[in-house]
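Enquirer: File name upload.cif; file contents mmCIF, C-alpha atoms and all ligand atoms; full text below.
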```cif
data_target
loop_
_atom_site.label_atom_id
_atom_site.label_comp_id
_atom_site.auth_asym_id
_atom_site.auth_seq_id
_atom_site.Cartn_x
_atom_site.Cartn_y
_atom_site.Cartn_z
CA MET A 1 -5.46 23.99 -87.74
CA ALA A 2 -2.22 22.18 -86.83
CA THR A 3 -0.20 20.64 -89.62
CA ALA A 4 -0.31 16.90 -90.31
CA GLU A 5 3.33 16.64 -89.20
CA GLN A 6 2.53 18.30 -85.85
CA ILE A 7 -0.40 15.96 -85.22
CA LYS A 8 1.75 12.94 -85.95
CA THR A 9 4.46 14.18 -83.57
CA LEU A 10 1.88 14.69 -80.86
CA ILE A 11 0.54 11.14 -81.29
CA ARG A 12 3.98 9.57 -81.43
CA SER A 13 5.32 11.34 -78.37
CA HIS A 14 2.14 10.56 -76.45
CA PHE A 15 2.43 6.84 -77.05
CA SER A 16 6.15 6.68 -76.48
CA GLU A 17 5.57 8.59 -73.22
CA GLU A 18 8.08 11.29 -74.11
CA SER A 19 6.35 14.03 -72.25
CA GLU A 20 8.93 16.75 -72.91
CA ARG A 21 8.63 16.11 -76.63
CA PHE A 22 4.86 16.14 -76.35
CA PHE A 23 4.95 19.50 -74.57
CA THR A 24 7.30 20.94 -77.19
CA ALA A 25 5.06 19.72 -80.01
CA ALA A 26 2.00 21.20 -78.31
CA LEU A 27 3.78 24.53 -77.98
CA GLN A 28 4.67 24.40 -81.66
CA VAL A 29 0.97 23.98 -82.43
CA ALA A 30 0.26 27.00 -80.23
CA ALA A 31 2.90 29.05 -82.08
CA HIS A 32 1.46 27.91 -85.40
CA GLU A 33 -2.05 28.98 -84.34
CA ALA A 34 -0.75 32.31 -83.09
CA ARG A 35 0.79 32.97 -86.52
CA GLN A 36 -2.59 32.26 -88.10
CA GLY A 37 -4.07 34.96 -85.90
CA HIS A 38 -5.85 32.49 -83.58
CA SER A 39 -4.41 34.03 -80.47
CA ALA A 40 -7.15 32.88 -78.07
CA LEU A 41 -6.63 29.25 -79.08
CA ALA A 42 -2.83 29.65 -78.92
CA HIS A 43 -3.14 31.08 -75.45
CA GLU A 44 -5.44 28.25 -74.34
CA ILE A 45 -3.03 25.57 -75.59
CA LYS A 46 -0.14 27.25 -73.84
CA SER A 47 -1.92 27.42 -70.51
CA LEU A 48 -2.97 23.74 -70.83
CA VAL A 49 0.68 22.83 -71.32
CA ASP A 50 1.83 25.00 -68.38
CA LYS A 51 -0.73 23.42 -66.09
CA ALA A 52 0.12 19.87 -67.15
CA ARG A 53 3.82 20.56 -66.64
CA GLN A 54 3.16 21.89 -63.15
CA THR A 55 1.10 18.83 -62.14
CA GLN A 56 3.73 16.54 -63.56
CA LYS A 57 6.45 18.24 -61.54
CA GLN A 58 4.44 17.84 -58.34
CA ARG A 59 3.81 14.20 -59.09
CA LEU A 60 7.50 13.60 -59.63
CA LEU A 61 8.23 14.78 -56.13
CA LYS A 62 5.87 12.88 -53.89
CA PHE A 63 6.13 14.09 -50.38
CA PRO A 64 3.85 14.07 -47.41
CA PRO A 65 1.85 17.31 -47.15
CA GLU A 66 2.94 17.91 -43.55
CA LEU A 67 6.43 18.56 -44.90
CA ASN A 68 5.11 21.53 -46.86
CA GLY A 69 6.99 24.66 -45.93
CA LEU A 70 9.86 22.61 -44.54
CA LEU A 71 11.16 21.38 -47.86
CA LEU A 72 11.45 24.11 -50.42
CA THR A 73 12.18 23.35 -54.08
CA GLU A 74 13.80 25.94 -56.33
CA GLU A 75 15.59 26.08 -59.63
CA PRO A 76 18.14 28.76 -58.86
CA GLU A 77 20.07 30.60 -61.53
CA ALA A 78 23.43 30.96 -59.84
CA HIS A 79 26.51 30.90 -62.03
CA GLN A 80 29.82 29.66 -60.72
CA GLU A 81 31.61 32.86 -61.80
CA ASN A 82 29.47 34.95 -59.47
CA LEU A 83 30.54 32.98 -56.43
CA ILE A 84 33.64 34.69 -55.09
CA LEU A 85 35.74 32.36 -52.98
CA GLY A 86 39.41 32.02 -52.18
CA ALA A 87 41.36 29.78 -54.57
CA GLU A 88 41.28 26.72 -52.36
CA ARG A 89 37.55 26.82 -51.67
CA LYS A 90 36.87 27.49 -55.31
CA GLU A 91 38.89 24.45 -56.25
CA ARG A 92 36.90 22.31 -53.85
CA VAL A 93 33.62 23.44 -55.35
CA ARG A 94 35.01 22.75 -58.79
CA ARG A 95 36.02 19.26 -57.69
CA ILE A 96 32.53 18.47 -56.40
CA LEU A 97 31.07 19.52 -59.76
CA HIS A 98 33.64 17.57 -61.71
CA GLU A 99 33.22 14.36 -59.72
CA TYR A 100 29.43 14.54 -60.00
CA LYS A 101 29.67 14.90 -63.77
CA GLN A 102 32.11 11.98 -63.91
CA ARG A 103 30.27 9.83 -61.37
CA ASN A 104 29.67 6.96 -63.80
CA THR A 105 33.34 6.76 -64.69
CA LEU A 106 34.16 6.66 -60.99
CA LYS A 107 31.54 3.94 -60.44
CA GLU A 108 33.15 1.73 -63.04
CA HIS A 109 36.14 1.65 -60.71
CA SER A 110 34.03 1.16 -57.59
CA LEU A 111 34.67 4.74 -56.51
CA SER A 112 32.03 7.26 -55.58
CA HIS A 113 31.85 10.99 -56.21
CA ARG A 114 32.05 13.30 -53.21
CA ARG A 115 28.46 14.10 -52.38
CA LYS A 116 28.07 14.70 -48.65
CA ILE A 117 29.41 18.16 -48.02
CA LEU A 118 29.60 20.25 -44.87
CA LEU A 119 29.92 24.02 -45.29
CA SER A 120 30.91 25.94 -42.21
CA GLY A 121 31.62 29.62 -41.56
CA PRO A 122 30.26 33.08 -40.73
CA PRO A 123 26.92 34.32 -42.11
CA GLY A 124 26.84 35.97 -45.52
CA THR A 125 29.96 34.31 -46.92
CA GLY A 126 28.27 32.20 -49.57
CA LYS A 127 27.27 28.86 -48.07
CA THR A 128 23.68 28.95 -49.29
CA LEU A 129 24.86 30.48 -52.55
CA THR A 130 27.29 27.57 -53.02
CA ALA A 131 24.40 25.10 -52.78
CA SER A 132 22.55 27.13 -55.44
CA VAL A 133 25.62 27.13 -57.68
CA LEU A 134 25.99 23.36 -57.34
CA ALA A 135 22.33 22.89 -58.29
CA PHE A 136 22.49 25.31 -61.18
CA GLU A 137 25.73 24.00 -62.64
CA LEU A 138 24.49 20.41 -62.41
CA ARG A 139 21.01 21.24 -63.74
CA LEU A 140 19.44 19.83 -60.59
CA PRO A 141 16.70 21.35 -58.47
CA LEU A 142 17.78 22.76 -55.12
CA ARG A 143 15.73 21.38 -52.26
CA THR A 144 16.24 23.17 -48.99
CA ILE A 145 15.29 21.59 -45.69
CA GLN A 146 14.56 24.23 -43.06
CA VAL A 147 16.16 22.43 -40.17
CA ASP A 148 15.35 24.95 -37.45
CA ARG A 149 11.67 24.93 -38.42
CA LEU A 150 11.65 21.17 -38.59
CA VAL A 151 13.02 20.89 -35.09
CA THR A 152 10.67 23.52 -33.65
CA LYS A 153 7.62 22.13 -35.35
CA PHE A 154 8.10 18.44 -34.73
CA MET A 155 10.24 18.39 -31.60
CA GLY A 156 9.55 14.83 -30.38
CA GLU A 157 9.01 13.52 -33.90
CA THR A 158 11.96 15.17 -35.59
CA ALA A 159 13.74 11.89 -36.17
CA ALA A 160 10.65 10.42 -37.83
CA LYS A 161 10.38 13.47 -40.08
CA LEU A 162 14.05 13.22 -40.98
CA ARG A 163 13.45 9.64 -42.04
CA GLN A 164 10.69 10.84 -44.40
CA ILE A 165 13.05 13.44 -45.81
CA PHE A 166 15.76 10.87 -46.44
CA ASP A 167 13.15 8.69 -48.20
CA ILE A 168 12.53 11.63 -50.51
CA ILE A 169 16.26 12.10 -51.07
CA ARG A 170 16.61 8.49 -52.13
CA GLU A 171 13.99 8.82 -54.83
CA ASN A 172 14.23 12.33 -56.19
CA PRO A 173 17.26 13.82 -57.92
CA GLY A 174 18.47 17.11 -56.50
CA VAL A 175 20.90 19.03 -54.36
CA TYR A 176 19.59 18.77 -50.78
CA LEU A 177 20.56 21.61 -48.50
CA PHE A 178 20.18 21.19 -44.75
CA ASP A 179 20.45 24.87 -43.98
CA GLU A 180 21.26 26.26 -40.51
CA PHE A 181 21.79 22.68 -39.70
CA ASP A 182 23.25 23.33 -36.24
CA ALA A 183 19.63 23.52 -35.05
CA ILE A 184 19.90 19.74 -34.81
CA GLY A 185 23.41 19.78 -33.43
CA GLY A 186 22.83 21.45 -30.16
CA ASP A 187 20.88 24.62 -29.60
CA ARG A 188 21.14 24.32 -25.86
CA GLY A 189 20.07 27.91 -25.33
CA ARG A 190 16.42 27.11 -25.78
CA ASP A 191 14.60 25.03 -23.23
CA ASN A 192 15.08 21.97 -25.35
CA ASP A 193 15.55 18.52 -24.01
CA VAL A 194 19.26 17.96 -24.61
CA GLY A 195 18.91 14.18 -24.55
CA GLU A 196 16.26 14.40 -27.23
CA MET A 197 18.46 16.64 -29.39
CA ARG A 198 21.30 14.20 -29.11
CA ARG A 199 19.07 11.38 -30.25
CA VAL A 200 17.93 13.45 -33.21
CA LEU A 201 21.51 14.28 -34.10
CA ASN A 202 22.47 10.62 -33.90
CA SER A 203 19.68 9.59 -36.18
CA PHE A 204 20.63 12.35 -38.59
CA LEU A 205 24.17 10.99 -38.65
CA GLN A 206 22.92 7.50 -39.28
CA PHE A 207 20.66 8.66 -42.10
CA ILE A 208 23.54 10.56 -43.68
CA GLU A 209 25.81 7.57 -43.37
CA ALA A 210 23.30 5.14 -44.85
CA GLU A 211 22.28 7.43 -47.68
CA SER A 212 23.62 6.09 -50.95
CA SER A 213 21.88 7.82 -53.84
CA ASP A 214 23.80 9.97 -56.33
CA ASN A 215 22.31 13.15 -54.89
CA LEU A 216 24.36 15.87 -53.29
CA ILE A 217 23.68 16.50 -49.62
CA VAL A 218 24.93 19.85 -48.36
CA ALA A 219 24.77 20.77 -44.69
CA ALA A 220 25.49 24.41 -43.83
CA THR A 221 26.22 25.90 -40.45
CA ASN A 222 27.21 29.31 -39.09
CA ASN A 223 28.36 27.82 -35.87
CA ASP A 224 30.50 24.75 -36.03
CA SER A 225 31.52 24.99 -32.38
CA LEU A 226 28.08 23.58 -31.60
CA LEU A 227 28.65 20.58 -33.75
CA ASP A 228 29.88 17.29 -32.61
CA LYS A 229 33.24 16.27 -34.02
CA ALA A 230 31.78 12.84 -34.77
CA LEU A 231 29.74 14.60 -37.35
CA PHE A 232 32.62 15.71 -39.53
CA ARG A 233 33.62 12.14 -40.26
CA ARG A 234 30.34 11.47 -42.03
CA PHE A 235 31.06 14.02 -44.73
CA ASP A 236 33.12 13.54 -47.88
CA ASP A 237 34.28 17.13 -47.70
CA VAL A 238 34.24 19.96 -45.18
CA ILE A 239 34.66 23.47 -46.58
CA TYR A 240 35.38 26.37 -44.23
CA TYR A 241 34.09 29.76 -45.29
CA ALA A 242 35.54 33.06 -44.15
CA LEU A 243 35.15 36.80 -44.61
CA PRO A 244 36.58 37.91 -47.95
CA ASP A 245 40.21 39.06 -48.12
CA ALA A 246 41.18 42.24 -49.99
CA GLY A 247 41.42 40.49 -53.36
CA GLU A 248 38.05 38.79 -52.98
CA ARG A 249 36.40 42.03 -51.84
CA GLN A 250 37.71 43.74 -54.94
CA GLN A 251 36.62 40.95 -57.26
CA LEU A 252 33.16 40.90 -55.73
CA MET A 253 32.75 44.65 -56.24
CA ARG A 254 34.08 44.45 -59.79
CA ASN A 255 31.48 41.81 -60.62
CA LEU A 256 28.60 43.61 -58.98
CA LEU A 257 29.41 47.09 -60.26
CA ALA A 258 30.57 46.08 -63.75
CA LEU A 259 27.82 48.05 -65.49
CA PHE A 260 28.12 51.02 -63.15
CA THR A 261 31.83 51.81 -63.19
CA ASN A 262 34.48 52.70 -65.72
CA LYS A 263 38.03 51.42 -65.94
CA ARG A 264 39.38 54.09 -63.62
CA PHE A 265 37.15 53.25 -60.66
CA PRO A 266 39.39 52.85 -57.57
CA PHE A 267 38.30 49.38 -56.54
CA ALA A 268 41.32 48.87 -54.27
CA ASN A 269 40.31 51.94 -52.30
CA ALA A 270 36.70 50.76 -52.00
CA ALA A 271 37.88 47.29 -50.98
CA GLU A 272 39.83 48.84 -48.12
CA GLU A 273 36.66 50.49 -46.82
CA ALA A 274 34.90 47.11 -46.97
CA LYS A 275 37.37 45.46 -44.63
CA GLY A 276 35.65 43.28 -42.03
CA LEU A 277 32.43 42.99 -44.03
CA SER A 278 30.98 39.77 -45.35
CA HIS A 279 30.26 39.10 -49.01
CA ALA A 280 26.56 39.62 -48.30
CA ASP A 281 27.25 43.04 -46.70
CA ILE A 282 29.31 44.17 -49.67
CA ASP A 283 26.64 42.91 -52.04
CA HIS A 284 24.09 44.94 -50.13
CA ALA A 285 26.17 48.14 -50.13
CA CYS A 286 26.93 47.84 -53.87
CA ARG A 287 23.25 47.43 -54.66
CA ASN A 288 22.42 50.48 -52.60
CA ALA A 289 25.04 52.49 -54.45
CA MET A 290 23.63 51.33 -57.81
CA LYS A 291 20.11 52.29 -56.74
CA GLU A 292 21.34 55.71 -55.71
CA ALA A 293 23.03 56.18 -59.11
CA VAL A 294 19.94 55.08 -61.03
CA LEU A 295 17.57 57.26 -59.04
CA SER A 296 19.73 60.34 -59.38
CA GLY A 297 20.02 59.83 -63.12
CA LYS A 298 23.74 58.96 -63.11
CA LYS A 299 25.38 56.28 -65.20
CA THR A 300 28.08 55.37 -62.72
CA VAL A 301 28.50 54.83 -59.01
CA GLU A 302 30.57 57.34 -57.09
CA LEU A 303 33.30 56.17 -54.74
CA ALA A 304 32.10 58.45 -51.95
CA THR A 305 28.54 57.08 -52.11
CA LEU A 306 29.74 53.51 -52.14
CA LYS A 307 32.00 54.19 -49.17
CA THR A 308 29.10 55.67 -47.24
CA PHE A 309 27.02 52.54 -47.75
CA LEU A 310 29.96 50.31 -46.84
CA SER A 311 30.65 52.19 -43.64
CA GLU A 312 26.95 52.08 -42.76
CA ARG A 313 27.17 48.29 -42.91
CA ASN A 314 30.31 48.38 -40.82
CA GLN A 315 28.72 50.61 -38.19
CA ALA A 316 25.80 48.23 -37.98
CA TYR A 317 28.24 45.88 -36.26
CA GLY A 318 29.54 48.53 -33.94
CA GLY A 319 32.42 49.31 -36.33
CA ARG A 320 34.34 46.09 -35.93
N1 LIG A 401 31.13 34.17 -51.67
C1 LIG A 401 30.21 34.98 -52.23
N2 LIG A 401 30.37 35.40 -53.50
C2 LIG A 401 29.44 36.21 -54.05
N3 LIG A 401 28.33 36.65 -53.43
C3 LIG A 401 28.13 36.26 -52.16
C4 LIG A 401 29.06 35.40 -51.50
N4 LIG A 401 28.59 35.17 -50.24
C5 LIG A 401 27.45 35.84 -50.13
N5 LIG A 401 27.14 36.50 -51.27
C6 LIG A 401 25.95 37.35 -51.48
O1 LIG A 401 25.22 37.41 -50.26
C7 LIG A 401 23.99 36.70 -50.36
C8 LIG A 401 23.74 35.89 -49.09
O2 LIG A 401 24.77 34.93 -48.93
P1 LIG A 401 24.51 33.43 -48.45
O3 LIG A 401 25.03 32.50 -49.47
O4 LIG A 401 23.07 33.29 -48.08
O5 LIG A 401 25.40 33.39 -47.14
P2 LIG A 401 25.46 32.28 -46.01
O6 LIG A 401 24.61 31.13 -46.42
O7 LIG A 401 26.92 31.93 -45.91
O8 LIG A 401 24.97 32.95 -44.76
C9 LIG A 401 24.13 35.84 -51.60
O9 LIG A 401 22.90 35.57 -52.20
C10 LIG A 401 25.02 36.70 -52.48
O10 LIG A 401 24.27 37.71 -53.11
MG MG A 402 22.81 30.60 -45.51
#
```
So that I can check it, write out the structure of this file as structure tokens.
Expert:
Amino acid sequence: MATAEQIKTLIRSHFSEESERFFTAALQVAAHEARQGHSALAHEIKSLVDKARQTQKQRLLKFPPELNGLLLTEEPEAHQENLILGAERKERVRRILHEYKQRNTLKEHSLSHRRKILLSGPPGTGKTLTASVLAFELRLPLRTIQVDRLVTKFMGETAAKLRQIFDIIRENPGVYLFDEFDAIGGDRGRDNDVGEMRRVLNSFLQFIEAESSDNLIVAATNNDSLLDKALFRRFDDVIYYALPDAGERQQLMRNLLALFTNKRFPFANAAEEAKGLSHADIDHACRNAMKEAVLSGKKTVELATLKTFLSERNQAYGGR
């Protein structure tokens, strides 16, 4: 049986509507019961708590069911140190984090933190990862809007759906990522109605402009040539991503292979082989090399193996 103190905590937190405290107290009761050998009861309490937490989370984010699959919520674990960017880009990410944390101080002086961010650059260079890092470092959920799916699914009603999404943004804390966002901007290759796309883009711009919550809005694109220049003005910051230079390639490999290399590993040599590859390609090749080491019972990655995987990635692009 739970202790008197635990019962009192449960009652108090229930009536003061401190649900996190209530959940913690309930889990303490479960732990207590487990120690007494009542493992079935402990298990039952724990699953009641898990279920209640889940329902509460869903209630917190009220969104129309037709947006299911278009708005994905995650709690990514992406540390800032694992994001390898050139010094200037890194500084910009740091500044976004810093201003968000200091937003109340800024508000006192009628200033606002930078929160509408456009990320532009080639695939696999860390745009999506940056959004995850922002969410993780700020302890916010990452909510990704699948723009291309939105446009395909709702064609004529895209603007109306965007309005619903911006209603959600206003009321629910988070980092909102409009990924592959050029789908709105102007995919003229498909047999889309260009006039319609332009209207959608204009309403998107208006929504962005009018949006005034504290939330971060990140728009990412692989193809900024499709985007209207008018668009750039609506953002507080535009960060251009690029393929990693030699130093970044080396740093990335050092991070990834830390547990699989010794001090003498010729990273500079490996970085040379990785020239022309994106961060995502290098990540992929390093993981393949680690798998190979593990499966052949070795403790470290061999340079030759790593180089093979790197050049395989390179050849996939016709050896650019
Ligand atoms: N700048 C980077 N630093 C570290 N890892 C990266 C970086 N860019 C990409 N990666 C790796 O490649 C994966 C895919 O990258 P992603 O962020 O989705 O690229 P993008 O959105 O620019 O196409 C990431 O999850 C990460 O493992
Ligand atoms: Mg991406």
Enquirer: Would you kindly return, as a PyMOL selection string, each protein, DNA or RNA residue with an atom no farther than 12 Å from any atom of region 218-222 of chain A, considering only C-alpha atoms and excluding same-chain residues fewer than 5 positions away?
Expert: chain A and resi 93+96+114-135+142-148+169+174-186+204-205+208+227+231-232+234-242
Enquirer: Output C-alpha atoms of each residue in that selection to a file, as a PDB file, in the coordinates of the input.
Expert:
```
ATOM      1  CA  VAL A  93      33.620  23.440 -55.350  1.00  0.00           C
ATOM      2  CA  ILE A  96      32.530  18.470 -56.400  1.00  0.00           C
ATOM      3  CA  ARG A 114      32.050  13.300 -53.210  1.00  0.00           C
ATOM      4  CA  ARG A 115      28.460  14.100 -52.380  1.00  0.00           C
ATOM      5  CA  LYS A 116      28.070  14.700 -48.650  1.00  0.00           C
ATOM      6  CA  ILE A 117      29.410  18.160 -48.020  1.00  0.00           C
ATOM      7  CA  LEU A 118      29.600  20.250 -44.870  1.00  0.00           C
ATOM      8  CA  LEU A 119      29.920  24.020 -45.290  1.00  0.00           C
ATOM      9  CA  SER A 120      30.910  25.940 -42.210  1.00  0.00           C
ATOM     10  CA  GLY A 121      31.620  29.620 -41.560  1.00  0.00           C
ATOM     11  CA  PRO A 122      30.260  33.080 -40.730  1.00  0.00           C
ATOM     12  CA  PRO A 123      26.920  34.320 -42.110  1.00  0.00           C
ATOM     13  CA  GLY A 124      26.840  35.970 -45.520  1.00  0.00           C
ATOM     14  CA  THR A 125      29.960  34.310 -46.920  1.00  0.00           C
ATOM     15  CA  GLY A 126      28.270  32.200 -49.570  1.00  0.00           C
ATOM     16  CA  LYS A 127      27.270  28.860 -48.070  1.00  0.00           C
ATOM     17  CA  THR A 128      23.680  28.950 -49.290  1.00  0.00           C
ATOM     18  CA  LEU A 129      24.860  30.480 -52.550  1.00  0.00           C
ATOM     19  CA  THR A 130      27.290  27.570 -53.020  1.00  0.00           C
ATOM     20  CA  ALA A 131      24.400  25.100 -52.780  1.00  0.00           C
ATOM     21  CA  SER A 132      22.550  27.130 -55.440  1.00  0.00           C
ATOM     22  CA  VAL A 133      25.620  27.130 -57.680  1.00  0.00           C
ATOM     23  CA  LEU A 134      25.990  23.360 -57.340  1.00  0.00           C
ATOM     24  CA  ALA A 135      22.330  22.890 -58.290  1.00  0.00           C
ATOM     25  CA  LEU A 142      17.780  22.760 -55.120  1.00  0.00           C
ATOM     26  CA  ARG A 143      15.730  21.380 -52.260  1.00  0.00           C
ATOM     27  CA  THR A 144      16.240  23.170 -48.990  1.00  0.00           C
ATOM     28  CA  ILE A 145      15.290  21.590 -45.690  1.00  0.00           C
ATOM     29  CA  GLN A 146      14.560  24.230 -43.060  1.00  0.00           C
ATOM     30  CA  VAL A 147      16.160  22.430 -40.170  1.00  0.00           C
ATOM     31  CA  ASP A 148      15.350  24.950 -37.450  1.00  0.00           C
ATOM     32  CA  ILE A 169      16.260  12.100 -51.070  1.00  0.00           C
ATOM     33  CA  GLY A 174      18.470  17.110 -56.500  1.00  0.00           C
ATOM     34  CA  VAL A 175      20.900  19.030 -54.360  1.00  0.00           C
ATOM     35  CA  TYR A 176      19.590  18.770 -50.780  1.00  0.00           C
ATOM     36  CA  LEU A 177      20.560  21.610 -48.500  1.00  0.00           C
ATOM     37  CA  PHE A 178      20.180  21.190 -44.750  1.00  0.00           C
ATOM     38  CA  ASP A 179      20.450  24.870 -43.980  1.00  0.00           C
ATOM     39  CA  GLU A 180      21.260  26.260 -40.510  1.00  0.00           C
ATOM     40  CA  PHE A 181      21.790  22.680 -39.700  1.00  0.00           C
ATOM     41  CA  ASP A 182      23.250  23.330 -36.240  1.00  0.00           C
ATOM     42  CA  ALA A 183      19.630  23.520 -35.050  1.00  0.00           C
ATOM     43  CA  ILE A 184      19.900  19.740 -34.810  1.00  0.00           C
ATOM     44  CA  GLY A 185      23.410  19.780 -33.430  1.00  0.00           C
ATOM     45  CA  GLY A 186      22.830  21.450 -30.160  1.00  0.00           C
ATOM     46  CA  PHE A 204      20.630  12.350 -38.590  1.00  0.00           C
ATOM     47  CA  LEU A 205      24.170  10.990 -38.650  1.00  0.00           C
ATOM     48  CA  ILE A 208      23.540  10.560 -43.680  1.00  0.00           C
ATOM     49  CA  LEU A 227      28.650  20.580 -33.750  1.00  0.00           C
ATOM     50  CA  LEU A 231      29.740  14.600 -37.350  1.00  0.00           C
ATOM     51  CA  PHE A 232      32.620  15.710 -39.530  1.00  0.00           C
ATOM     52  CA  ARG A 234      30.340  11.470 -42.030  1.00  0.00           C
ATOM     53  CA  PHE A 235      31.060  14.020 -44.730  1.00  0.00           C
ATOM     54  CA  ASP A 236      33.120  13.540 -47.880  1.00  0.00           C
ATOM     55  CA  ASP A 237      34.280  17.130 -47.700  1.00  0.00           C
ATOM     56  CA  VAL A 238      34.240  19.960 -45.180  1.00  0.00           C
ATOM     57  CA  ILE A 239      34.660  23.470 -46.580  1.00  0.00           C
ATOM     58  CA  TYR A 240      35.380  26.370 -44.230  1.00  0.00           C
ATOM     59  CA  TYR A 241      34.090  29.760 -45.290  1.00  0.00           C
ATOM     60  CA  ALA A 242      35.540  33.060 -44.150  1.00  0.00           C
TER      61      ALA A 242
END
```
Enquirer: Which residue, A:Asn223, A:Gln315, A:Thr9, A:Ser212, has the smallest gap to ligand MG 402 (chain A) when you use only C-alpha atoms and all ligand atoms?
Expert: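 Smallest distance to ligand MG 402 (chain A) is found for A:Asn223.
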Enquirer: Taking 2 positions as the minimum chain separation for residues in the same chain, which residues sit within 8 Å of Leu303 (chain A) when counting all atoms listed in the file? Answer as a list in words.
Expert: Phe265, Pro266, Ala270, Val301, Thr305, Leu306 and Lys307 of chain A
Enquirer: If the box runs along x, y and z of the file and leaves 4 Å on each side of ligand LIG 401 (chain A), what are its centre and edge lengths in Å, one decimal, as AutoDock Vina command-line options?
Expert:
```
--center_x 27.0 --center_y 34.4 --center_z -49.4 --size_x 16.2 --size_y 14.6 --size_z 17.3
```
Enquirer: How many Å separate CA of Glu248 (chain A) from CA of Ala316 (chain A)?
Expert: 21.5 Å
Enquirer: Which residue gives the smallest distance to ligand LIG 401 (chain A) among A:Glu302, A:Asp245, A:Glu157, A:Glu273, with all atoms listed in the file counted?
Expert: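 Result for the nearest residue to ligand LIG 401 (chain A): A:Asp245.
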Enquirer: Let me make sure I understand: among A:Gln102, A:Thr73, A:Thr24, A:Gln251, which one has the smallest atom-to-atom distance to ligand LIG 401 (chain A) if we use only C-alpha atoms and all ligand atoms?
Expert: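 Distance minimum relative to ligand LIG 401 (chain A) lands on A:Gln251.
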Enquirer: By how many Å are atom O4 of ligand LIG 401 (chain A) and CA of Leu310 (chain A) apart?
Expert: 18.4 Å
Enquirer: Of the candidates A:Ser19, A:Thr3, A:Thr261, A:Gln28, which one gets nearest to Ala52 (chain A) if we count all atoms listed in the file?
Expert: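 For Ala52 (chain A), the nearest of the given residues is A:Ser19.
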Enquirer: Measuring between all atoms listed in the file, which one of A:Ile11, A:Ala280, A:Leu48, A:Leu201 shows the shortest distance to ligand MG 402 (chain A)?
Expert: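 Ranking A:Ile11, A:Ala280, A:Leu48, A:Leu201 by distance to ligand MG 402 (chain A), first place goes to A:Ala280.
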Enquirer: As an exercise, work out the distance from atom O4 of ligand LIG 401 (chain A) to CA of His79 (chain A) in Å and give it to one decimal place.
Expert: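 Computing the Euclidean distance for atom O4 of ligand LIG 401 (chain A) and CA of His79 (chain A) yields 14.6 Å.
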Enquirer: Looking at A:Leu111, A:Leu256, A:Ala25, A:Ala2, which one is nearest to Glu81 (chain A), with distances taken over only C-alpha atoms?
Expert: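 Ranking A:Leu111, A:Leu256, A:Ala25, A:Ala2 by distance to Glu81 (chain A), first place goes to A:Leu256.
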